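One file, target-v5.txt, carrying compact mmCIF, C-alpha atoms and all ligand atoms:
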# COMPACT_ATOMS: atom_id res chain seq x y z
CA MET Z 1 0.00 0.00 0.00
CA SER Z 2 1.45 3.40 -0.97
CA GLN Z 3 1.79 6.06 1.72
CA ASP Z 4 1.81 9.83 1.40
CA PRO Z 5 5.36 11.20 1.80
CA ALA Z 6 6.00 12.68 5.25
CA PRO Z 7 5.54 16.47 5.15
CA GLU Z 8 8.83 18.38 4.99
CA LYS Z 9 9.97 19.29 8.54
CA LEU Z 10 10.84 22.97 8.62
CA ALA Z 11 13.35 24.38 11.10
CA PRO Z 12 11.40 27.00 13.10
CA ARG Z 13 13.74 29.90 12.23
CA PRO Z 14 14.32 30.44 8.51
CA PRO Z 15 17.80 31.59 7.42
CA GLY Z 16 18.27 35.38 7.54
CA ASP Z 17 18.80 38.26 9.94
CA TYR Z 18 15.62 39.18 11.81
CA GLY Z 19 16.94 41.86 14.18
CA ILE Z 20 15.38 42.46 17.60
CA ASP Z 21 12.04 43.96 18.55
CA ALA Z 22 11.62 47.31 20.29
CA PRO Z 23 15.38 48.11 20.38
CA ARG Z 24 14.75 51.61 21.79
CA LEU Z 25 13.35 50.09 25.02
CA LEU Z 26 16.78 48.59 25.75
CA ILE Z 27 17.71 51.90 27.35
CA VAL Z 28 15.50 51.05 30.37
CA PRO Z 29 17.35 47.89 31.55
CA VAL Z 30 20.72 49.43 30.64
CA VAL Z 31 20.03 52.41 32.96
CA LEU Z 32 18.62 50.20 35.76
CA ILE Z 33 21.55 47.78 35.58
CA GLY Z 34 24.04 50.66 35.60
CA ALA Z 35 22.32 52.21 38.62
CA GLY Z 36 22.24 48.86 40.47
CA VAL Z 37 25.92 48.15 39.86
CA ALA Z 38 26.88 51.72 40.87
CA GLN Z 39 24.85 51.48 44.08
CA GLY Z 40 26.43 48.11 44.92
CA VAL Z 41 29.94 49.49 44.41
CA ILE Z 42 29.37 52.79 46.26
CA GLN Z 43 27.59 51.23 49.24
CA ARG Z 44 29.73 48.07 49.20
CA THR Z 45 26.67 45.80 49.32
CA PHE Z 46 25.57 42.99 47.03
CA TRP Z 47 21.79 43.52 47.47
CA PRO Z 48 21.39 45.81 44.43
CA LEU Z 49 23.01 43.03 42.39
CA VAL Z 50 19.99 40.80 43.12
CA GLY Z 51 17.90 43.36 41.23
CA VAL Z 52 20.49 43.41 38.45
CA VAL Z 53 20.22 39.62 38.07
CA LEU Z 54 16.41 39.84 37.92
CA ILE Z 55 16.59 42.54 35.25
CA LEU Z 56 19.05 40.41 33.26
CA ALA Z 57 16.63 37.46 33.51
CA CYS Z 58 13.80 39.65 32.15
CA CYS Z 59 16.06 40.82 29.29
CA GLY Z 60 16.91 37.17 28.55
CA LEU Z 61 13.20 36.32 28.18
CA ALA Z 62 12.60 39.28 25.84
CA PHE Z 63 15.67 38.36 23.78
CA TYR Z 64 14.51 34.75 23.54
CA ALA Z 65 10.98 35.81 22.44
CA SER Z 66 12.40 38.11 19.77
CA ARG Z 67 15.12 35.84 18.41
CA SER Z 68 13.62 32.39 18.80
CA GLY Z 69 10.27 32.11 20.63
CA LYS Z 70 8.18 33.83 17.97
CA PHE Z 71 9.49 31.49 15.28
CA VAL Z 72 8.57 28.40 17.32
CA VAL Z 73 5.13 29.72 18.32
CA TRP Z 74 4.22 31.01 14.86
CA GLY Z 75 5.49 27.83 13.21
CA ARG Z 76 2.92 25.96 15.28
CA LEU Z 77 0.15 28.48 14.61
CA LEU Z 78 0.78 28.30 10.86
CA ASP Z 79 0.95 24.49 10.89
CA GLY Z 80 -2.35 24.50 12.79
CA LEU Z 81 -4.01 26.18 9.79
CA ASN Z 82 -3.44 22.99 7.72
CA LEU Z 83 -2.67 25.04 4.62
CA ARG Z 84 -3.04 23.51 1.16
CA GLY Z 85 0.06 25.38 -0.03
CA SER Z 86 -1.64 27.65 -2.55
CA GLU Z 87 -3.07 30.28 -0.20
CA ASP Z 88 -2.57 34.04 -0.40
CA ILE Z 89 -1.41 35.23 3.03
CA VAL Z 90 -0.94 38.78 4.28
CA ASP Z 91 1.18 39.71 7.31
CA LEU Z 92 0.25 43.07 8.89
CA GLY Z 93 3.40 44.74 10.27
CA CYS Z 94 5.71 42.14 8.74
CA GLY Z 95 8.95 43.86 9.82
CA ARG Z 96 11.98 41.87 8.67
CA GLY Z 97 9.74 38.93 7.80
CA ALA Z 98 9.78 36.49 10.73
CA LEU Z 99 6.17 35.40 10.14
CA LEU Z 100 5.97 36.44 6.52
CA ILE Z 101 8.81 34.16 5.49
CA SER Z 102 7.65 31.33 7.78
CA ALA Z 103 4.28 31.61 6.01
CA ALA Z 104 5.85 31.82 2.53
CA ARG Z 105 7.69 28.54 3.16
CA ARG Z 106 4.33 26.86 3.73
CA VAL Z 107 2.68 28.09 0.49
CA PRO Z 108 4.94 27.01 -2.40
CA ALA Z 109 2.13 27.73 -4.87
CA GLY Z 110 0.78 30.77 -3.05
CA ARG Z 111 1.74 34.30 -2.12
CA ALA Z 112 2.96 35.94 1.10
CA VAL Z 113 2.37 39.69 1.21
CA GLY Z 114 3.82 41.95 3.90
CA VAL Z 115 2.53 45.40 4.82
CA ASP Z 116 4.59 47.72 7.00
CA LEU Z 117 5.49 51.36 7.62
CA TRP Z 118 9.10 50.37 8.42
CA ARG Z 119 9.21 52.15 11.79
CA ALA Z 120 11.90 51.71 14.41
CA ASP Z 121 9.90 49.07 16.37
CA GLN Z 122 12.35 46.51 15.05
CA SER Z 123 16.08 46.97 14.50
CA GLY Z 124 17.17 47.54 10.89
CA ASN Z 125 13.60 47.41 9.60
CA SER Z 126 13.31 48.01 5.83
CA PRO Z 127 11.90 46.44 2.65
CA ASP Z 128 15.47 45.64 1.54
CA ALA Z 129 16.23 43.77 4.78
CA THR Z 130 13.00 41.77 4.43
CA MET Z 131 13.65 40.89 0.78
CA ARG Z 132 17.21 39.82 1.67
CA ASN Z 133 15.76 37.45 4.27
CA ALA Z 134 13.21 36.14 1.75
CA ALA Z 135 16.06 35.46 -0.70
CA ALA Z 136 18.15 33.72 2.02
CA ALA Z 137 15.16 31.48 2.78
CA GLY Z 138 14.60 30.77 -0.95
CA VAL Z 139 11.08 32.25 -1.05
CA ALA Z 140 11.65 35.66 -2.68
CA ASP Z 141 9.60 34.57 -5.73
CA ARG Z 142 6.40 34.40 -3.65
CA VAL Z 143 6.98 37.35 -1.29
CA GLU Z 144 5.58 40.81 -2.01
CA LEU Z 145 5.94 43.94 0.15
CA HIS Z 146 3.76 47.03 0.43
CA THR Z 147 4.41 50.20 2.39
CA GLY Z 148 1.14 51.03 4.12
CA ASN Z 149 -0.70 51.70 7.34
CA PHE Z 150 -2.88 49.15 9.17
CA VAL Z 151 -5.76 51.63 9.16
CA GLU Z 152 -5.80 51.90 5.35
CA LEU Z 153 -4.36 48.77 3.79
CA PRO Z 154 -3.20 49.23 0.18
CA LEU Z 155 -4.87 45.92 -0.73
CA ALA Z 156 -8.01 44.90 -2.62
CA ASP Z 157 -11.17 43.65 -0.90
CA ALA Z 158 -11.42 39.87 -0.38
CA SER Z 159 -7.95 39.14 -1.80
CA PHE Z 160 -6.44 36.90 0.95
CA ASP Z 161 -7.13 33.48 2.43
CA VAL Z 162 -5.24 34.20 5.66
CA VAL Z 163 -4.41 37.38 7.63
CA ILE Z 164 -1.64 37.13 10.23
CA SER Z 165 0.04 39.68 12.49
CA ASN Z 166 2.45 39.57 15.43
CA VAL Z 167 3.02 42.29 18.08
CA ALA Z 168 2.29 45.08 15.60
CA LEU Z 169 -1.27 46.47 15.93
CA HIS Z 170 -0.68 47.72 19.51
CA ASN Z 171 1.43 50.47 17.91
CA LEU Z 172 -1.88 52.15 17.04
CA LYS Z 173 -2.54 54.17 20.18
CA ALA Z 174 -6.11 55.33 19.45
CA HIS Z 175 -8.98 52.91 20.19
CA ASP Z 176 -10.73 53.92 16.94
CA ASP Z 177 -7.59 53.25 14.90
CA ARG Z 178 -7.33 49.73 16.33
CA ASP Z 179 -10.98 49.13 15.37
CA ARG Z 180 -10.24 50.43 11.87
CA ALA Z 181 -7.26 48.09 11.59
CA ILE Z 182 -9.48 45.11 12.45
CA ASP Z 183 -12.08 46.31 9.92
CA GLU Z 184 -9.33 46.48 7.29
CA ALA Z 185 -8.06 42.99 8.15
CA VAL Z 186 -11.58 41.61 7.69
CA ARG Z 187 -12.11 43.60 4.47
CA VAL Z 188 -9.12 42.01 2.71
CA LEU Z 189 -10.10 38.44 3.76
CA ARG Z 190 -11.95 36.20 1.33
CA PRO Z 191 -15.14 34.50 2.54
CA GLY Z 192 -13.99 31.43 4.49
CA GLY Z 193 -10.62 33.09 5.12
CA ARG Z 194 -8.90 32.86 8.49
CA LEU Z 195 -7.30 35.46 10.73
CA LEU Z 196 -4.66 35.14 13.47
CA ILE Z 197 -3.60 38.32 15.26
CA ALA Z 198 -1.15 38.05 18.17
CA ASP Z 199 -0.37 41.06 20.32
CA LEU Z 200 0.77 42.30 23.71
CA GLY Z 201 -2.28 44.43 24.39
CA GLY Z 202 -5.57 45.26 22.74
CA THR Z 203 -6.49 41.65 22.02
CA ARG Z 204 -9.81 41.82 23.92
CA GLN Z 205 -10.73 44.81 21.78
CA TYR Z 206 -9.80 42.91 18.59
CA GLN Z 207 -11.92 39.98 19.76
CA GLN Z 208 -14.96 42.19 20.45
CA ARG Z 209 -14.61 44.02 17.14
CA LEU Z 210 -14.39 40.74 15.22
CA GLN Z 211 -17.53 39.47 16.96
CA ARG Z 212 -19.33 42.72 16.14
CA LEU Z 213 -18.30 42.35 12.49
CA GLY Z 214 -19.99 38.93 12.38
CA MET Z 215 -16.81 36.84 12.16
CA ALA Z 216 -17.18 33.15 13.05
CA ASP Z 217 -15.23 31.02 15.59
CA VAL Z 218 -13.75 34.09 17.33
CA SER Z 219 -11.46 33.10 20.18
CA ARG Z 220 -8.56 34.48 22.23
CA ARG Z 221 -5.83 32.58 24.06
CA GLY Z 222 -2.41 33.08 25.60
CA LEU Z 223 0.66 31.95 23.67
CA GLY Z 224 2.75 30.87 26.66
CA TRP Z 225 6.19 31.64 28.07
CA ARG Z 226 7.97 31.66 24.71
CA LEU Z 227 6.33 35.02 24.02
CA TRP Z 228 6.79 36.63 27.45
CA TRP Z 229 8.44 39.97 26.67
CA SER Z 230 10.21 40.06 30.10
CA GLY Z 231 7.76 38.01 32.19
CA PRO Z 232 4.12 36.86 32.47
CA TRP Z 233 3.07 40.50 33.03
CA LEU Z 234 3.96 41.24 29.38
CA SER Z 235 2.67 38.20 27.56
CA THR Z 236 1.18 37.68 24.11
CA HIS Z 237 -2.35 36.56 23.23
CA VAL Z 238 -3.63 35.46 19.85
CA VAL Z 239 -7.10 36.20 18.52
CA SER Z 240 -8.34 33.87 15.81
CA ALA Z 241 -11.44 34.04 13.64
CA ARG Z 242 -12.95 32.89 10.36
CA LYS Z 243 -14.85 34.98 7.83
CA PRO Z 244 -18.21 33.33 7.17
CA SER Z 245 -18.53 31.85 3.68
C1 LIG Z 301 7.63 44.86 16.82
S1 LIG Z 301 7.65 44.88 15.06
C2 LIG Z 301 7.08 43.21 14.73
C3 LIG Z 301 7.43 42.79 13.32
C4 LIG Z 301 6.99 41.37 12.95
N1 LIG Z 301 5.55 41.23 13.03
C5 LIG Z 301 7.68 40.35 13.80
O1 LIG Z 301 7.03 39.74 14.66
O2 LIG Z 301 8.88 40.15 13.62
C6 LIG Z 301 6.19 45.86 14.66
C7 LIG Z 301 6.13 46.26 13.19
O3 LIG Z 301 4.92 46.99 12.95
C8 LIG Z 301 5.23 48.08 12.07
N2 LIG Z 301 4.22 49.14 12.26
C9 LIG Z 301 4.03 49.88 13.38
N3 LIG Z 301 2.96 50.69 13.21
C10 LIG Z 301 2.48 50.45 11.96
C11 LIG Z 301 1.36 50.94 11.23
N4 LIG Z 301 0.52 51.86 11.75
N5 LIG Z 301 1.13 50.46 9.99
C12 LIG Z 301 1.98 49.53 9.45
N6 LIG Z 301 3.04 49.01 10.11
C13 LIG Z 301 3.28 49.46 11.36
C14 LIG Z 301 6.63 48.49 12.44
O4 LIG Z 301 7.27 49.20 11.40
C15 LIG Z 301 7.29 47.13 12.74
O5 LIG Z 301 7.89 46.57 11.62
Translate this file's structure into C-alpha cells.
Amino acid sequence: MSQDPAPEKLAPRPPGDYGIDAPRLLIVPVVLIGAGVAQGVIQRTFWPLVGVVLILACCGLAFYASRSGKFVVWGRLLDGLNLRGSEDIVDLGCGRGALLISAARRVPAGRAVGVDLWRADQSGNSPDATMRNAAAAGVADRVELHTGNFVELPLADASFDVVISNVALHNLKAHDDRDRAIDEAVRVLRPGGRLLIADLGGTRQYQQRLQRLGMADVSRRGLGWRLWWSGPWLSTHVVSARKPS
C-alpha cells in the first residue's frame, strides 16, 4: 500500500537576519543595571546586584521571544491552519519577515504579502532587509511587500485566504484606529478566510470588534512563556477568527 510522503519538517527559524524587537526600550534595563551596579559598588553591598540579576533574567526572556520564541510559536500556529500550499497570506506589520517568510515557506504555490510602515519598532527594519531574508530562505519569488498603514491597507477587498500579524497592531494608540485596523483585516479576507492576530495588548478589543463584524469562531488565548516579553506581566495573546462563507 502506498503512503503519502511525510511532510517536509521545517526548522522554526528560517535563514536570515531578523533583528530584535523594540530596540529603543533597551535603554530602560541598561540604565537600571548601571544604577544597580553603581549602588552596589558605592555602598559596598551585594543587594542591588539581586535586582540586576532579575533585570538580566527579564532581558533574557525578551531576547529569547524576539530571536527564537516567535518562530517556534508562529510555526505551530501556521501548521495548525493545515494550509493547502496555494493560499494568499498577508502579514500586517511584517517587519523583517519572521512570520511572513515562515508563512511563505508553507505556500509554495501561493503568495505571502507583507505590509509595513518600516518604523523603528524593530532593528534595521526596511523592505530591503525583508527581501534579503526572503532570498536567504529561498522564497523571494512568492513574497511581495507594500508600504502602508494598518488603518488603510493598500490591498483589494477579499484578496487573501489568511491574515496574520504579530506584536504590531498595539502600535496604534487610538482605540478607533485599532478598530479600523481590524475592519481592514476583515475587508481584505476572502469568505472562508482565516485570521490570526497576536499582540501584547488590545487583544480583547480585537476579539470584540471581530464578533461585532460577524466573524465566526472568534477566540482568544495566551501563547505561553515563549512570548513573554520580560515576564508573564507582558505576555502575548492570539485572537483567531474565520470569515463566514
Ligand atoms: C515589533 S515589530 C514586529 C514585526 C513582525 N511582526 C515580527 O514579529 O517580527 C512591529 C512592526 O509593525 C510596524 N508598524 C508599526 N505601526 C504600523 C502601522 N501603523 N502600519 C503599518 N506598520 C506598522 C513596524 O514598522 C514594525 O515593523
As a quick test: using only C-alpha atoms and all ligand atoms, which residues lie no more than 9 Å away from ligand LIG 301 (chain Z)? Give them as a compact mmCIF listing (two decimals) with C-alpha atoms, in the frame of the given file.
# COMPACT_ATOMS: atom_id res chain seq x y z
CA TYR Z 18 15.62 39.18 11.81
CA GLY Z 19 16.94 41.86 14.18
CA ILE Z 20 15.38 42.46 17.60
CA ASP Z 21 12.04 43.96 18.55
CA ALA Z 22 11.62 47.31 20.29
CA SER Z 66 12.40 38.11 19.77
CA ARG Z 67 15.12 35.84 18.41
CA LYS Z 70 8.18 33.83 17.97
CA PHE Z 71 9.49 31.49 15.28
CA ASP Z 91 1.18 39.71 7.31
CA LEU Z 92 0.25 43.07 8.89
CA GLY Z 93 3.40 44.74 10.27
CA CYS Z 94 5.71 42.14 8.74
CA GLY Z 95 8.95 43.86 9.82
CA ARG Z 96 11.98 41.87 8.67
CA GLY Z 97 9.74 38.93 7.80
CA ALA Z 98 9.78 36.49 10.73
CA LEU Z 99 6.17 35.40 10.14
CA LEU Z 100 5.97 36.44 6.52
CA VAL Z 115 2.53 45.40 4.82
CA ASP Z 116 4.59 47.72 7.00
CA LEU Z 117 5.49 51.36 7.62
CA TRP Z 118 9.10 50.37 8.42
CA ARG Z 119 9.21 52.15 11.79
CA ALA Z 120 11.90 51.71 14.41
CA ASP Z 121 9.90 49.07 16.37
CA GLN Z 122 12.35 46.51 15.05
CA SER Z 123 16.08 46.97 14.50
CA ASN Z 125 13.60 47.41 9.60
CA SER Z 126 13.31 48.01 5.83
CA THR Z 147 4.41 50.20 2.39
CA GLY Z 148 1.14 51.03 4.12
CA ASN Z 149 -0.70 51.70 7.34
CA PHE Z 150 -2.88 49.15 9.17
CA VAL Z 151 -5.76 51.63 9.16
CA GLU Z 152 -5.80 51.90 5.35
CA LEU Z 153 -4.36 48.77 3.79
CA ILE Z 164 -1.64 37.13 10.23
CA SER Z 165 0.04 39.68 12.49
CA ASN Z 166 2.45 39.57 15.43
CA VAL Z 167 3.02 42.29 18.08
CA ALA Z 168 2.29 45.08 15.60
CA LEU Z 169 -1.27 46.47 15.93
CA HIS Z 170 -0.68 47.72 19.51
CA ASN Z 171 1.43 50.47 17.91
CA LEU Z 172 -1.88 52.15 17.04
CA ASP Z 177 -7.59 53.25 14.90
CA ALA Z 181 -7.26 48.09 11.59
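Restricting the calculation to all atoms listed in the file, the smallest distance between Z:Trp74 and any of Z:Arg209, Z:Lys243, Z:Arg106, Z:Arg220 is found for Z:Arg106.
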- Item | Minimum-distance residue to Z:Leu145, chosen among Z:Glu184, Z:Glu87, Z:Asp128, Z:Asp157 (using all atoms listed in the file) | Z:Asp128
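The smallest atom-to-atom distance between Z:Pro232 and any of Z:Leu83, Z:Ala174, Z:Val73, Z:Cys58, using all atoms listed in the file, is found for Z:Cys58.
Here atom CA of Z:Phe46 is placed at a distance of 20.2 Å from atom CA of Z:Cys59.
Between atom CA of Z:Pro154 and atom CA of Z:Ala109 the interatomic distance comes to 22.7 Å.
Checking Z:Arg187, Z:Arg84, Z:Arg132, Z:Lys173 one by one against Z:Ser159, counting only C-alpha atoms, you find the shortest gap at Z:Arg187.
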Skipping near chain neighbours, those fewer than 2 positions away, what residues fall within 12 Å of Z:Leu10 using all atoms listed in the file, listed as a PDB file with C-alpha atoms, in the coordinates of the input?
ATOM      1  CA  ALA Z   6       6.000  12.680   5.250  1.00  0.00           C
ATOM      2  CA  PRO Z   7       5.540  16.470   5.150  1.00  0.00           C
ATOM      3  CA  GLU Z   8       8.830  18.380   4.990  1.00  0.00           C
ATOM      4  CA  PRO Z  12      11.400  27.000  13.100  1.00  0.00           C
ATOM      5  CA  ARG Z  13      13.740  29.900  12.230  1.00  0.00           C
ATOM      6  CA  PRO Z  14      14.320  30.440   8.510  1.00  0.00           C
ATOM      7  CA  PRO Z  15      17.800  31.590   7.420  1.00  0.00           C
ATOM      8  CA  PHE Z  71       9.490  31.490  15.280  1.00  0.00           C
ATOM      9  CA  VAL Z  72       8.570  28.400  17.320  1.00  0.00           C
ATOM     10  CA  GLY Z  75       5.490  27.830  13.210  1.00  0.00           C
ATOM     11  CA  ARG Z  76       2.920  25.960  15.280  1.00  0.00           C
ATOM     12  CA  LEU Z  78       0.780  28.300  10.860  1.00  0.00           C
ATOM     13  CA  ASP Z  79       0.950  24.490  10.890  1.00  0.00           C
ATOM     14  CA  ILE Z 101       8.810  34.160   5.490  1.00  0.00           C
ATOM     15  CA  SER Z 102       7.650  31.330   7.780  1.00  0.00           C
ATOM     16  CA  ALA Z 103       4.280  31.610   6.010  1.00  0.00           C
ATOM     17  CA  ALA Z 104       5.850  31.820   2.530  1.00  0.00           C
ATOM     18  CA  ARG Z 105       7.690  28.540   3.160  1.00  0.00           C
ATOM     19  CA  ARG Z 106       4.330  26.860   3.730  1.00  0.00           C
ATOM     20  CA  ALA Z 137      15.160  31.480   2.780  1.00  0.00           C
TER      21      ALA Z 137
END
- Residue list as an MDAnalysis selection string for point (-12.1, 31.3, 22.1), cut-off 12 Å, all atoms listed in the file: chainID Z and resid 203:204 207:208 210:211 216:222 237:242
Writing out the chosen residues with C-alpha atoms as a compact mmCIF listing (two decimals), in the frame of the given file:
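Result file is selection.txt:
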# COMPACT_ATOMS: atom_id res chain seq x y z
CA THR Z 203 -6.49 41.65 22.02
CA ARG Z 204 -9.81 41.82 23.92
CA GLN Z 207 -11.92 39.98 19.76
CA GLN Z 208 -14.96 42.19 20.45
CA LEU Z 210 -14.39 40.74 15.22
CA GLN Z 211 -17.53 39.47 16.96
CA ALA Z 216 -17.18 33.15 13.05
CA ASP Z 217 -15.23 31.02 15.59
CA VAL Z 218 -13.75 34.09 17.33
CA SER Z 219 -11.46 33.10 20.18
CA ARG Z 220 -8.56 34.48 22.23
CA ARG Z 221 -5.83 32.58 24.06
CA GLY Z 222 -2.41 33.08 25.60
CA HIS Z 237 -2.35 36.56 23.23
CA VAL Z 238 -3.63 35.46 19.85
CA VAL Z 239 -7.10 36.20 18.52
CA SER Z 240 -8.34 33.87 15.81
CA ALA Z 241 -11.44 34.04 13.64
CA ARG Z 242 -12.95 32.89 10.36
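For the pair atom CA of Z:Pro23 and atom CA of Z:Ser235, the interatomic distance is 17.6 Å.
Minimum distance to Z:Leu81 across Z:His146, Z:His175, Z:Arg194, Z:Arg24 (counting only C-alpha atoms) occurs at Z:Arg194.
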Could you pull the residues within 8 Å of Z:Ile182, counting only C-alpha atoms, minus those fewer than 3 positions along the same chain, as an mmCIF file with C-alpha atoms, in the coordinates of the input?
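To be explicit, this is the file written out as part.cif:
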data_model
loop_
_atom_site.group_PDB
_atom_site.id
_atom_site.type_symbol
_atom_site.label_atom_id
_atom_site.label_comp_id
_atom_site.auth_asym_id
_atom_site.auth_seq_id
_atom_site.Cartn_x
_atom_site.Cartn_y
_atom_site.Cartn_z
ATOM 1 C CA ARG Z 178 -7.330 49.730 16.330
ATOM 2 C CA ASP Z 179 -10.980 49.130 15.370
ATOM 3 C CA ALA Z 185 -8.060 42.990 8.150
ATOM 4 C CA VAL Z 186 -11.580 41.610 7.690
ATOM 5 C CA TYR Z 206 -9.800 42.910 18.590
ATOM 6 C CA ARG Z 209 -14.610 44.020 17.140
ATOM 7 C CA LEU Z 210 -14.390 40.740 15.220
#
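When all atoms listed in the file are used to compute distances to Z:Val31, the closest of the residues Z:Asp176, Z:Ala140, Z:Trp47, Z:Val52 turns out to be Z:Val52.
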